[in-house]
>>> print(open('query_8.txt').read())   # compact mmCIF, C-alpha atoms and all ligand atoms
# COMPACT_ATOMS: atom_id res chain seq x y z
CA MET V 153 -6.03 34.12 -88.76
CA SER V 154 -3.96 31.24 -87.58
CA PHE V 155 -4.72 29.68 -84.24
CA LYS V 156 -2.32 29.18 -81.37
CA PHE V 157 -2.29 25.81 -79.62
CA SER V 158 -1.67 24.71 -76.06
CA ALA V 159 -1.23 21.33 -74.36
CA GLY V 160 -0.54 20.03 -70.86
CA PRO V 161 2.30 17.78 -69.66
CA TRP V 162 -0.27 15.26 -68.38
CA ASN V 163 -1.27 14.62 -72.00
CA VAL V 164 1.92 12.60 -72.38
CA SER V 165 1.35 10.30 -69.44
CA GLU V 166 2.86 7.06 -68.24
CA GLY V 167 -0.31 5.23 -69.25
CA ALA V 168 -1.62 3.97 -65.90
CA ASP V 169 -5.36 3.33 -65.78
CA ARG V 170 -7.79 1.92 -63.23
CA PHE V 171 -6.87 -1.63 -64.18
CA GLY V 172 -3.17 -1.50 -64.69
CA PRO V 173 0.04 0.26 -63.75
CA THR V 174 2.20 2.60 -65.78
CA VAL V 175 3.50 1.27 -69.10
CA ARG V 176 5.86 4.06 -70.15
CA ALA V 177 8.74 5.83 -68.47
CA SER V 178 7.96 9.35 -67.36
CA ILE V 179 9.37 12.11 -69.53
CA PRO V 180 10.88 15.11 -67.75
CA LEU V 181 8.87 18.34 -68.07
CA ILE V 182 11.63 20.12 -69.96
CA GLU V 183 11.71 17.38 -72.62
CA LYS V 184 7.95 17.51 -72.99
CA MET V 185 8.06 21.27 -73.43
CA GLU V 186 10.82 21.03 -76.04
CA LYS V 187 8.85 18.44 -77.98
CA PHE V 188 5.61 20.46 -77.67
CA LYS V 189 7.40 23.44 -79.16
CA GLU V 190 8.64 21.31 -82.03
CA LEU V 191 5.09 20.13 -82.70
CA GLY V 192 3.77 23.68 -83.02
CA ILE V 193 2.47 24.23 -79.49
CA ASP V 194 2.65 27.85 -78.33
CA ALA V 195 1.59 27.61 -74.68
CA ILE V 196 1.71 25.10 -71.85
CA GLN V 197 -1.22 24.23 -69.60
CA PHE V 198 -0.12 23.55 -66.06
CA HIS V 199 -1.40 22.07 -62.86
CA ASP V 200 0.37 23.68 -59.91
CA ASP V 201 2.29 20.45 -59.27
CA ASP V 202 3.30 20.08 -62.90
CA VAL V 203 5.35 23.20 -62.21
CA VAL V 204 6.40 22.22 -58.69
CA PRO V 205 6.23 18.43 -58.19
CA ASP V 206 5.45 17.22 -54.67
CA ILE V 207 4.15 20.70 -53.94
CA SER V 208 2.56 19.82 -50.57
CA ASN V 209 5.96 19.05 -49.08
CA LYS V 210 7.71 22.16 -50.28
CA SER V 211 8.29 25.50 -48.58
CA PRO V 212 7.10 28.77 -50.17
CA GLU V 213 10.76 29.56 -50.96
CA GLN V 214 11.27 26.23 -52.70
CA ILE V 215 8.03 26.70 -54.63
CA GLU V 216 9.13 30.15 -55.76
CA LYS V 217 12.54 28.87 -56.81
CA GLU V 218 11.21 25.90 -58.78
CA ALA V 219 8.53 27.98 -60.50
CA GLY V 220 11.24 30.48 -61.41
CA THR V 221 13.23 27.70 -63.09
CA VAL V 222 10.21 26.65 -65.16
CA LYS V 223 9.62 30.30 -66.15
CA LYS V 224 13.19 30.49 -67.48
CA GLN V 225 12.73 27.25 -69.40
CA LEU V 226 9.53 28.61 -70.96
CA ASP V 227 11.27 31.85 -71.93
CA ASN V 228 14.19 30.00 -73.46
CA LEU V 229 11.85 27.90 -75.56
CA GLY V 230 9.68 30.85 -76.62
CA LEU V 231 6.67 29.37 -74.84
CA VAL V 232 4.18 30.88 -72.39
CA ALA V 233 2.06 29.39 -69.61
CA GLU V 234 -1.60 29.39 -70.62
CA PHE V 235 -3.05 28.63 -67.19
CA VAL V 236 -2.26 27.20 -63.79
CA ALA V 237 -4.80 24.92 -62.10
CA PRO V 238 -4.65 23.85 -58.45
CA ARG V 239 -4.75 20.05 -58.50
CA LEU V 240 -7.43 19.67 -55.86
CA TRP V 241 -8.10 15.97 -56.26
CA GLU V 242 -4.93 14.04 -55.45
CA ASP V 243 -3.91 15.21 -51.99
CA ILE V 244 -5.41 13.13 -49.18
CA ARG V 245 -7.01 16.31 -47.81
CA THR V 246 -9.18 16.53 -50.93
CA VAL V 247 -10.60 13.04 -50.65
CA ASP V 248 -14.11 14.49 -50.12
CA GLY V 249 -13.56 17.35 -52.57
CA GLY V 250 -11.79 20.67 -52.14
CA PHE V 251 -14.06 23.69 -51.77
CA THR V 252 -17.11 21.51 -50.99
CA SER V 253 -15.51 19.05 -48.59
CA ASN V 254 -17.58 18.47 -45.47
CA ASP V 255 -14.46 19.01 -43.34
CA PRO V 256 -13.72 22.71 -42.65
CA GLN V 257 -9.96 22.00 -42.38
CA GLU V 258 -10.02 20.43 -45.83
CA ARG V 259 -11.93 23.39 -47.26
CA LYS V 260 -9.27 25.65 -45.83
CA TYR V 261 -6.61 23.51 -47.50
CA ALA V 262 -8.38 23.97 -50.86
CA LEU V 263 -8.32 27.75 -50.46
CA ASN V 264 -4.65 27.77 -49.47
CA ARG V 265 -3.71 25.46 -52.28
CA SER V 266 -5.54 27.74 -54.75
CA LYS V 267 -3.59 30.68 -53.37
CA THR V 268 -0.34 28.83 -54.04
CA ALA V 269 -1.48 28.09 -57.60
CA VAL V 270 -2.08 31.83 -58.11
CA ASP V 271 1.40 32.60 -56.72
CA ILE V 272 2.89 30.13 -59.20
CA ALA V 273 0.86 31.68 -62.03
CA GLN V 274 2.29 35.10 -61.11
CA ILE V 275 5.83 33.77 -61.31
CA LEU V 276 5.03 32.30 -64.73
CA ASN V 277 3.50 35.63 -65.79
CA CYS V 278 0.22 33.86 -66.38
CA LYS V 279 -3.16 35.51 -65.78
CA LEU V 280 -5.45 32.52 -66.10
CA ILE V 281 -6.38 30.14 -63.29
CA GLY V 282 -8.10 26.85 -64.16
CA LEU V 283 -10.63 25.11 -62.00
CA TRP V 284 -11.68 21.65 -62.99
CA TYR V 285 -13.93 20.71 -60.08
CA ALA V 286 -12.94 17.03 -60.00
CA ARG V 287 -14.32 15.92 -56.63
CA GLU V 288 -16.76 18.78 -56.10
CA GLY V 289 -19.80 16.58 -56.16
CA THR V 290 -21.03 13.41 -54.53
CA HIS V 291 -20.69 9.65 -54.60
CA CYS V 292 -23.43 9.38 -52.01
CA TYR V 293 -26.04 11.98 -52.91
CA GLU V 294 -27.12 12.52 -49.31
CA SER V 295 -23.54 13.24 -48.15
CA LYS V 296 -23.52 16.92 -49.13
CA ASN V 297 -26.06 19.70 -49.01
CA PRO V 298 -26.20 20.97 -52.61
CA ILE V 299 -27.21 24.56 -51.76
CA GLU V 300 -24.43 24.85 -49.21
CA SER V 301 -22.04 23.36 -51.77
CA PHE V 302 -22.92 25.96 -54.42
CA ASP V 303 -22.26 28.61 -51.79
CA ARG V 304 -18.89 27.08 -51.05
CA LEU V 305 -17.96 27.01 -54.72
CA VAL V 306 -18.78 30.72 -54.96
CA GLU V 307 -16.74 31.38 -51.79
CA GLY V 308 -13.76 29.63 -53.39
CA LEU V 309 -14.07 31.67 -56.58
CA ASN V 310 -14.42 34.90 -54.58
CA TYR V 311 -11.38 34.00 -52.54
CA ILE V 312 -9.22 33.75 -55.68
CA LEU V 313 -10.78 36.86 -57.25
CA GLU V 314 -10.01 38.86 -54.10
CA TYR V 315 -6.54 37.43 -53.62
CA ASP V 316 -5.38 38.57 -57.04
CA LYS V 317 -7.37 41.17 -58.92
CA SER V 318 -5.34 40.63 -62.09
CA VAL V 319 -6.28 37.01 -62.74
CA LYS V 320 -9.22 35.50 -64.56
CA ILE V 321 -10.61 32.07 -63.72
CA PHE V 322 -12.10 29.44 -65.96
CA ILE V 323 -14.39 26.71 -64.75
CA GLU V 324 -14.04 23.45 -66.66
CA SER V 325 -17.41 21.74 -66.36
CA LYS V 326 -17.78 17.97 -66.34
CA PRO V 327 -20.84 15.90 -65.36
CA ASN V 328 -19.15 12.98 -63.60
CA GLU V 329 -15.88 11.12 -63.05
CA PRO V 330 -14.24 10.91 -60.60
CA VAL V 331 -17.50 11.68 -58.76
CA ASP V 332 -20.86 10.18 -59.52
CA ARG V 333 -22.59 13.56 -59.72
CA SER V 334 -20.78 16.86 -60.21
CA PHE V 335 -22.13 20.13 -58.92
CA LEU V 336 -21.30 22.00 -62.15
CA PRO V 337 -21.90 19.51 -64.98
CA THR V 338 -22.25 21.83 -67.97
CA ILE V 339 -21.20 25.20 -69.37
CA GLY V 340 -24.60 26.61 -68.44
CA HIS V 341 -24.09 25.67 -64.79
CA ALA V 342 -20.58 27.15 -64.79
CA LEU V 343 -21.77 30.42 -66.33
CA ALA V 344 -24.62 30.65 -63.86
CA ILE V 345 -22.38 30.20 -60.83
CA ALA V 346 -19.97 32.82 -62.24
CA GLU V 347 -22.81 35.35 -62.00
CA LYS V 348 -22.96 34.84 -58.24
CA THR V 349 -19.34 35.92 -57.70
CA ILE V 350 -18.03 39.37 -56.77
CA ASP V 351 -16.52 39.92 -60.23
CA SER V 352 -18.36 37.77 -62.72
CA LEU V 353 -16.56 39.25 -65.74
CA ARG V 354 -13.40 37.53 -64.53
CA VAL V 355 -15.00 34.11 -64.30
CA GLY V 356 -15.46 32.22 -67.55
CA VAL V 357 -15.33 28.68 -68.84
CA ASN V 358 -13.29 26.02 -70.57
CA LEU V 359 -15.34 23.68 -72.72
CA GLU V 360 -13.87 20.21 -73.11
CA THR V 361 -15.31 18.17 -75.96
CA ALA V 362 -15.32 14.90 -74.00
CA HIS V 363 -17.07 16.49 -71.04
CA ALA V 364 -19.88 17.83 -73.24
CA VAL V 365 -20.34 14.40 -74.83
CA LEU V 366 -20.41 12.79 -71.37
CA ALA V 367 -23.20 15.22 -70.47
CA GLY V 368 -25.09 14.15 -73.62
CA LEU V 369 -24.60 17.61 -75.14
CA ASP V 370 -23.23 18.88 -78.41
CA PRO V 371 -19.76 20.36 -77.87
CA ALA V 372 -20.09 22.99 -80.63
CA THR V 373 -23.30 24.31 -79.10
CA GLU V 374 -21.67 24.43 -75.65
CA ILE V 375 -18.81 26.43 -77.21
CA ALA V 376 -21.30 28.73 -78.91
CA PHE V 377 -23.18 29.29 -75.66
CA ALA V 378 -19.97 30.39 -73.90
CA LEU V 379 -18.99 32.57 -76.86
CA TYR V 380 -22.40 34.24 -76.75
CA PHE V 381 -21.66 35.31 -73.17
CA LYS V 382 -18.06 36.27 -74.11
CA LYS V 383 -16.92 33.79 -71.51
CA LEU V 384 -14.98 31.22 -73.52
CA PHE V 385 -11.57 31.68 -71.90
CA THR V 386 -10.18 28.48 -73.41
CA VAL V 387 -11.18 25.09 -74.85
CA HIS V 388 -10.05 21.52 -74.32
CA LEU V 389 -10.53 19.92 -77.69
CA ASN V 390 -10.40 16.14 -77.78
CA ASP V 391 -12.89 13.36 -78.58
CA GLN V 392 -15.02 10.82 -76.81
CA ASN V 393 -16.87 7.70 -77.90
CA GLY V 394 -20.23 8.27 -76.24
CA LEU V 395 -21.06 7.54 -72.63
CA ARG V 396 -17.93 5.80 -71.43
CA TYR V 397 -15.14 6.80 -69.09
CA ASP V 398 -13.48 10.11 -69.97
CA GLN V 399 -11.38 9.07 -72.96
CA ASP V 400 -9.54 12.23 -74.02
CA LYS V 401 -9.01 10.83 -77.50
CA ALA V 402 -7.31 12.76 -80.28
CA PHE V 403 -9.47 15.54 -81.69
CA GLY V 404 -11.71 14.19 -84.44
CA ALA V 405 -10.97 10.54 -83.67
CA GLU V 406 -14.62 9.65 -83.01
CA ASN V 407 -16.88 12.24 -84.57
CA LEU V 408 -15.43 14.25 -87.42
CA ARG V 409 -18.59 16.18 -88.16
CA GLN V 410 -18.95 17.22 -84.54
CA SER V 411 -15.28 18.24 -84.57
CA PHE V 412 -15.79 20.19 -87.80
CA ASN V 413 -18.60 22.12 -86.16
CA GLN V 414 -16.43 22.95 -83.14
CA VAL V 415 -13.77 24.39 -85.44
CA LYS V 416 -16.47 26.15 -87.47
CA VAL V 417 -17.96 27.94 -84.49
CA LEU V 418 -14.50 28.99 -83.30
CA VAL V 419 -13.52 30.32 -86.75
CA GLU V 420 -16.82 32.11 -87.32
CA ASN V 421 -16.58 33.91 -84.01
CA ASN V 422 -12.93 34.95 -84.24
CA TYR V 423 -11.91 32.82 -81.30
CA GLY V 424 -8.30 33.59 -80.47
CA SER V 425 -8.52 37.29 -81.28
CA GLY V 426 -8.45 38.05 -77.55
CA GLY V 427 -5.31 35.94 -77.10
CA GLU V 428 -7.17 32.68 -76.37
CA PHE V 429 -5.46 29.39 -77.22
CA VAL V 430 -6.87 26.30 -78.86
CA GLY V 431 -6.20 23.98 -75.96
CA LEU V 432 -5.87 20.25 -76.49
CA ASP V 433 -6.55 17.78 -73.69
CA VAL V 434 -5.74 14.52 -75.41
CA GLN V 435 -4.22 11.47 -73.75
CA ALA V 436 -1.73 9.16 -75.37
CA MET V 437 -3.35 5.71 -75.65
CA ARG V 438 -2.06 3.23 -73.11
CA THR V 439 -0.90 1.02 -75.98
CA GLN V 440 1.44 3.66 -77.45
CA LYS V 441 5.16 3.13 -77.11
CA LEU V 442 7.15 5.85 -75.38
CA GLU V 443 8.66 7.24 -78.61
CA GLU V 444 5.19 7.53 -80.16
CA SER V 445 3.39 9.01 -77.18
CA TYR V 446 3.05 12.51 -78.66
CA LYS V 447 0.89 11.34 -81.56
CA ALA V 448 -2.43 12.18 -79.91
CA ILE V 449 -1.22 15.78 -79.79
CA SER V 450 0.40 16.00 -83.22
CA ASN V 451 -2.53 14.23 -84.88
CA SER V 452 -5.00 16.54 -83.14
CA ILE V 453 -3.20 19.58 -84.52
CA LYS V 454 -3.21 18.03 -88.01
CA ILE V 455 -6.91 17.24 -87.82
CA PHE V 456 -7.72 20.71 -86.48
CA ASN V 457 -5.81 22.31 -89.37
CA ILE V 458 -7.51 20.13 -91.99
CA LEU V 459 -10.91 20.93 -90.50
CA GLU V 460 -10.05 24.62 -90.40
CA GLU V 461 -9.29 24.47 -94.14
CA LYS V 462 -12.68 22.80 -94.71
CA VAL V 463 -14.39 25.52 -92.69
CA ARG V 464 -12.69 28.18 -94.81
CA LYS V 465 -14.00 26.41 -97.95
CA PHE V 466 -17.54 26.21 -96.55
CA ASP V 467 -19.94 27.62 -99.15
CA TYR V 468 -22.15 30.03 -97.23
CA ASP V 469 -24.13 30.95 -100.39
CA PHE V 470 -25.00 27.32 -100.92
CA GLN V 471 -25.91 27.02 -97.23
CA LYS V 472 -28.26 29.99 -97.63
CA LYS V 473 -29.90 28.47 -100.70
CA CYS V 474 -30.52 25.24 -98.82
CA ILE V 475 -31.91 27.14 -95.84
CA ASP V 476 -34.19 29.24 -98.09
CA ARG V 477 -35.54 26.06 -99.69
CA ARG V 478 -35.61 24.34 -96.29
CA ASP V 479 -33.68 21.54 -97.94
CA TYR V 480 -31.64 20.43 -94.97
CA GLU V 481 -31.01 16.98 -96.46
CA GLU V 482 -29.06 18.73 -99.22
CA LEU V 483 -27.18 20.87 -96.69
CA GLU V 484 -26.32 17.83 -94.61
CA PHE V 485 -25.07 15.97 -97.69
CA TYR V 486 -23.00 19.00 -98.67
CA VAL V 487 -21.27 18.97 -95.26
CA LEU V 488 -20.62 15.22 -95.44
CA GLU V 489 -19.19 15.56 -98.95
CA LEU V 490 -17.01 18.47 -97.85
CA LEU V 491 -15.64 16.30 -95.07
CA LEU V 492 -15.14 13.23 -97.25
CA LYS V 493 -13.52 14.86 -100.28
CA SER V 494 -9.93 16.00 -100.20
C1 LIG V 501 -10.16 16.13 -66.37
C2 LIG V 501 -9.54 17.18 -67.15
C3 LIG V 501 -8.37 17.85 -66.53
C4 LIG V 501 -8.41 19.32 -66.65
C5 LIG V 501 -7.27 20.05 -66.02
O1 LIG V 501 -11.18 15.49 -66.99
O2 LIG V 501 -9.94 17.43 -68.26
O3 LIG V 501 -7.22 17.37 -67.13
O4 LIG V 501 -8.44 19.68 -67.99
O5 LIG V 501 -7.26 19.97 -64.66
MN MN V 502 -9.59 19.06 -69.60
>>> encode(input="query_8.txt", output="C-alpha cells")
Amino acid sequence: MSFKFSAGPWNVSEGADRFGPTVRASIPLIEKMEKFKELGIDAIQFHDDDVVPDISNKSPEQIEKEAGTVKKQLDNLGLVAEFVAPRLWEDIRTVDGGFTSNDPQERKYALNRSKTAVDIAQILNCKLIGLWYAREGTHCYESKNPIESFDRLVEGLNYILEYDKSVKIFIESKPNEPVDRSFLPTIGHALAIAEKTIDSLRVGVNLETAHAVLAGLDPATEIAFALYFKKLFTVHLNDQNGLRYDQDKAFGAENLRQSFNQVKVLVENNYGSGGEFVGLDVQAMRTQKLEESYKAISNSIKIFNILEEKVRKFDYDFQKKCIDRRDYEELEFYVLELLLKS
C-alpha cells in the first residue's frame, strides 16, 4: 500500500525565531498548496487562520466566504484538508492558555474560537479537528489548579463533540514549549483524558516525533501505543536532536534508526487503511533561501519512502531466528546493516 502525505503551510515559514526576525518573504497559501501538490502531498493541514488570516477581526460571513475560496482552490488542485486546528496560542486572549485560562472570559473565547474552527472544517469538508494544547499548562506551577484544568480540557473537548457530532478530534501531546509544563505531555495522557469525554471513540491522538523525543520517549512506541487503542488519527513525523527547543527537523535527519522504526510500526499495522495521512510537521531551516524552503518537506518524503522500502525488505525469518537464539546483538547489527546498505 502506498501512503498518502500531508503538510501544513506553516512548514514553509518566514524563518523568524526567538532571536531574530523573518529572513524569507512569505509565500501565499495558494502557491504553497500548488508546490505541495507537485511534491506529492495529498492533503493540507490547517490552522483556522491559515484558512482565514486575521480571523479574529472577521465577520462570520467573511469567514465563510474566505473558507469557501480555499475549498475551491483545494478542489482545483485535487487536494483535501486533513484537519483544522484552532490556533489558541497567538491571540492576546489566550495569553494564559485557552481552555485552561484562569479568566472565564478567555475560556469562553477558546470555546468560541474552536466552534469557528469546526465551521471552517465543515466548509472544507474536513472531519478532523486538531488540538495542540500549546499554552494549556503552566509557567508558574502554582498559577493553575491541575485537577480543575483537566476538567476544563474535558469540557472543551465535550463542547466540540456536542457542537458537531460528525467530527473527530485529535490531541497532539507535547511536554513543554511554549509552556514550562504541559497538562497533557504524552500520548498516554491524551488517551486517558479522551476516556473522560462524552464520546471517547471520537477523540484520538496525533503523535509528533519531536514531541515524543522532548518527553524522553521513543516515538515508535508512542505510535504503537496509540495504534493499540485504535486512536492514531494522524502523525506528525519530523526529527529532533534530543532535549532542545522543538526543532521540527526533516524526518530522519537526526535518528535514522528511530525513524525506521516509526515507519516499520506504521507499515506493520496498516496505518492509512482507514484514510489516515502520513503527516509531516517539518520546518524549513532558518538558513534556507526562499527558493529552497520546501526541502525539509521533499527530503522527508524521500527519506520516508527509502525507509519504507527498507521495512518491506526486513527479513522477519531472520528476526525470528535471532529472537529464538536470544541473539539481539545479531538482530541489532542486521538492522544497522539494512539501514547502511543501499
Ligand atoms: C507545535 C506543533 C504545531 C501543531 C499544529 O509544536 O507541532 O504545529 O502540529 O498546531
Ligand atoms: Mn505538530
>>> closest_atom_pairs(input="query_8.txt", of="region 247-288 of chain V", to="region 217-223 of chain V", cutoff="8 Å", atoms="only C-alpha atoms", output="Markdown table")
| residue | atom | partner | partner_atom | distance |
| --- | --- | --- | --- | --- |
| V:Ile272 | CA | V:Ala219 | CA | 6.2 |
| V:Ile275 | CA | V:Gly220 | CA | 6.3 |
| V:Leu276 | CA | V:Lys223 | CA | 5.2 |
>>> residues_around(input="query_8.txt", residues="Asn457 (chain V)", least_positions_apart="4", cutoff="10 Å", atoms="all atoms listed in the file", output="NGL selection string")
:V and (154-155 or 415 or 451-453 or 461-463)
>>> closest_residue(input="query_8.txt", among="V:Arg304, V:Arg287, V:Lys260, V:Lys447", to="ligand LIG 501 (chain V)", atoms="all atoms listed in the file")
V:Arg287
>>> residues_near_ligand(input="query_8.txt", ligand="ligand LIG 501 (chain V)", cutoff="10 Å", atoms="only C-alpha atoms and all ligand atoms", output="VMD selection string")
chain V and resid 159 to 163 197 to 200 235 to 241 282 to 286 323 to 330 358 to 363 387 to 390 397 to 400 431 to 435
>>> closest_residue(input="query_8.txt", among="V:Glu314, V:Glu166, V:Glu294, V:Asp467", to="Leu263 (chain V)", atoms="all atoms listed in the file")
V:Glu314
>>> closest_residue(input="query_8.txt", among="V:Glu489, V:Glu300, V:Glu420, V:Asp201", to="Glu242 (chain V)", atoms="all atoms listed in the file")
V:Asp201
>>> atom_distance(input="query_8.txt", atom1="CA of Leu231 (chain V)", atom2="CA of Glu186 (chain V)")
9.4 Å
>>> closest_residue(input="query_8.txt", among="V:Phe251, V:Phe335, V:Tyr446, V:Phe412", to="Tyr293 (chain V)", atoms="all atoms listed in the file")
V:Phe335
>>> atom_distance(input="query_8.txt", atom1="CA of Tyr311 (chain V)", atom2="CA of Leu280 (chain V)")
14.9 Å
>>> residues_around(input="query_8.txt", residues="Val365 (chain V)", least_positions_apart="3", cutoff="9 Å", atoms="only C-alpha atoms", output="PDB file with C-alpha atoms, in the coordinates of the input")
ATOM      1  CA  GLU V 360     -13.870  20.210 -73.110  1.00  0.00           C
ATOM      2  CA  THR V 361     -15.310  18.170 -75.960  1.00  0.00           C
ATOM      3  CA  ALA V 362     -15.320  14.900 -74.000  1.00  0.00           C
ATOM      4  CA  GLY V 368     -25.090  14.150 -73.620  1.00  0.00           C
ATOM      5  CA  LEU V 369     -24.600  17.610 -75.140  1.00  0.00           C
ATOM      6  CA  ASP V 370     -23.230  18.880 -78.410  1.00  0.00           C
ATOM      7  CA  PRO V 371     -19.760  20.360 -77.870  1.00  0.00           C
ATOM      8  CA  ASP V 391     -12.890  13.360 -78.580  1.00  0.00           C
ATOM      9  CA  GLN V 392     -15.020  10.820 -76.810  1.00  0.00           C
ATOM     10  CA  ASN V 393     -16.870   7.700 -77.900  1.00  0.00           C
ATOM     11  CA  GLY V 394     -20.230   8.270 -76.240  1.00  0.00           C
ATOM     12  CA  LEU V 395     -21.060   7.540 -72.630  1.00  0.00           C
TER      13      LEU V 395
END
>>> atom_distance(input="query_8.txt", atom1="CA of Lys296 (chain V)", atom2="CA of His341 (chain V)")
17.9 Å
>>> residues_around(input="query_8.txt", residues="Val270 (chain V)", least_positions_apart="4", cutoff="8 Å", atoms="only C-alpha atoms", output="list in words")
Val236, Ser266, Gln274, Ile281, Ile312 and Asp316 of chain V
>>> write_last_selection(input="query_8.txt", atoms="C-alpha atoms", output="JSON list (two decimals), in the coordinates of the input")
[["chain", "number", "residue", "atom", "x", "y", "z"],
["V", 236, "VAL", "CA", -2.26, 27.20, -63.79],
["V", 266, "SER", "CA", -5.54, 27.74, -54.75],
["V", 274, "GLN", "CA", 2.29, 35.10, -61.11],
["V", 281, "ILE", "CA", -6.38, 30.14, -63.29],
["V", 312, "ILE", "CA", -9.22, 33.75, -55.68],
["V", 316, "ASP", "CA", -5.38, 38.57, -57.04]]
>>> closest_residue(input="query_8.txt", among="V:Ile321, V:Ala376, V:Ala402, V:Ala448", to="Leu353 (chain V)", atoms="only C-alpha atoms")
V:Ile321
>>> axis_aligned_box(input="query_8.txt", around="region 210-220 of chain V", padding_each_side="5 Å", output="AutoDock Vina command-line options")
--center_x 9.8 --center_y 26.3 --center_z -55.0 --size_x 15.4 --size_y 18.3 --size_z 22.8
>>> closest_residue(input="query_8.txt", among="V:Ala364, V:Asp271, V:Asp227, V:Ala195", to="ligand MN 502 (chain V)", atoms="only C-alpha atoms and all ligand atoms")
V:Ala364
>>> residues_near_point(input="query_8.txt", point="(13.7, 23.7, -72.2)", cutoff="12 Å", atoms="all atoms listed in the file", output="list in words")
Pro180, Leu181, Ile182, Glu183, Lys184, Met185, Glu186, Lys187, Phe188, Lys189, Glu190, Thr221, Val222, Lys223, Lys224, Gln225, Leu226, Asp227, Asn228, Leu229, Gly230, Leu231 and Val232 of chain V
>>> write_last_selection(input="query_8.txt", atoms="C-alpha atoms", output="CSV table (one decimal), keeping the file's coordinate frame")
chain,number,residue,atom,x,y,z
V,180,PRO,CA,10.9,15.1,-67.8
V,181,LEU,CA,8.9,18.3,-68.1
V,182,ILE,CA,11.6,20.1,-70.0
V,183,GLU,CA,11.7,17.4,-72.6
V,184,LYS,CA,8.0,17.5,-73.0
V,185,MET,CA,8.1,21.3,-73.4
V,186,GLU,CA,10.8,21.0,-76.0
V,187,LYS,CA,8.8,18.4,-78.0
V,188,PHE,CA,5.6,20.5,-77.7
V,189,LYS,CA,7.4,23.4,-79.2
V,190,GLU,CA,8.6,21.3,-82.0
V,221,THR,CA,13.2,27.7,-63.1
V,222,VAL,CA,10.2,26.6,-65.2
V,223,LYS,CA,9.6,30.3,-66.2
V,224,LYS,CA,13.2,30.5,-67.5
V,225,GLN,CA,12.7,27.2,-69.4
V,226,LEU,CA,9.5,28.6,-71.0
V,227,ASP,CA,11.3,31.8,-71.9
V,228,ASN,CA,14.2,30.0,-73.5
V,229,LEU,CA,11.8,27.9,-75.6
V,230,GLY,CA,9.7,30.8,-76.6
V,231,LEU,CA,6.7,29.4,-74.8
V,232,VAL,CA,4.2,30.9,-72.4
>>> decode(input="query_8.txt", residues="region 310-321 of chain V", atoms="N, CA, C and O atoms", output="tab-separated table (two decimals), in the first residue's frame")
chain	number	residue	atom	x	y	z
V	310	ASN	N	-15.65	18.14	25.11
V	310	ASN	CA	-17.09	17.85	25.06
V	310	ASN	C	-17.84	18.91	24.26
V	310	ASN	O	-18.78	18.59	23.52
V	311	TYR	N	-17.41	20.13	24.42
V	311	TYR	CA	-18.07	21.24	23.72
V	311	TYR	C	-17.99	21.01	22.21
V	311	TYR	O	-18.98	21.14	21.49
V	312	ILE	N	-16.82	20.64	21.73
V	312	ILE	CA	-16.65	20.40	20.28
V	312	ILE	C	-17.43	19.14	19.85
V	312	ILE	O	-18.10	19.13	18.83
V	313	LEU	N	-17.34	18.11	20.67
V	313	LEU	CA	-18.03	16.84	20.34
V	313	LEU	C	-19.54	17.06	20.22
V	313	LEU	O	-20.21	16.47	19.38
V	314	GLU	N	-20.07	17.90	21.11
V	314	GLU	CA	-21.51	18.20	21.10
V	314	GLU	C	-21.88	19.08	19.93
V	314	GLU	O	-22.91	18.88	19.31
V	315	TYR	N	-21.03	20.07	19.67
V	315	TYR	CA	-21.32	21.07	18.64
V	315	TYR	C	-21.45	20.41	17.27
V	315	TYR	O	-22.31	20.79	16.47
V	316	ASP	N	-20.59	19.44	17.00
V	316	ASP	CA	-20.67	18.77	15.70
V	316	ASP	C	-20.43	17.27	15.89
V	316	ASP	O	-19.29	16.84	16.13
V	317	LYS	N	-21.49	16.51	15.75
V	317	LYS	CA	-21.39	15.07	16.03
V	317	LYS	C	-20.67	14.31	14.91
V	317	LYS	O	-20.42	13.11	15.04
V	318	SER	N	-20.34	15.02	13.82
V	318	SER	CA	-19.68	14.31	12.72
V	318	SER	C	-18.16	14.43	12.76
V	318	SER	O	-17.47	13.79	11.98
V	319	VAL	N	-17.64	15.25	13.66
V	319	VAL	CA	-16.17	15.42	13.64
V	319	VAL	C	-15.48	14.53	14.68
V	319	VAL	O	-16.07	14.14	15.68
V	320	LYS	N	-14.24	14.22	14.37
V	320	LYS	CA	-13.35	13.57	15.34
V	320	LYS	C	-12.30	14.60	15.75
V	320	LYS	O	-12.03	15.54	14.99
V	321	ILE	N	-11.71	14.39	16.90
V	321	ILE	CA	-10.70	15.33	17.40
V	321	ILE	C	-9.41	14.57	17.67
V	321	ILE	O	-9.47	13.47	18.24
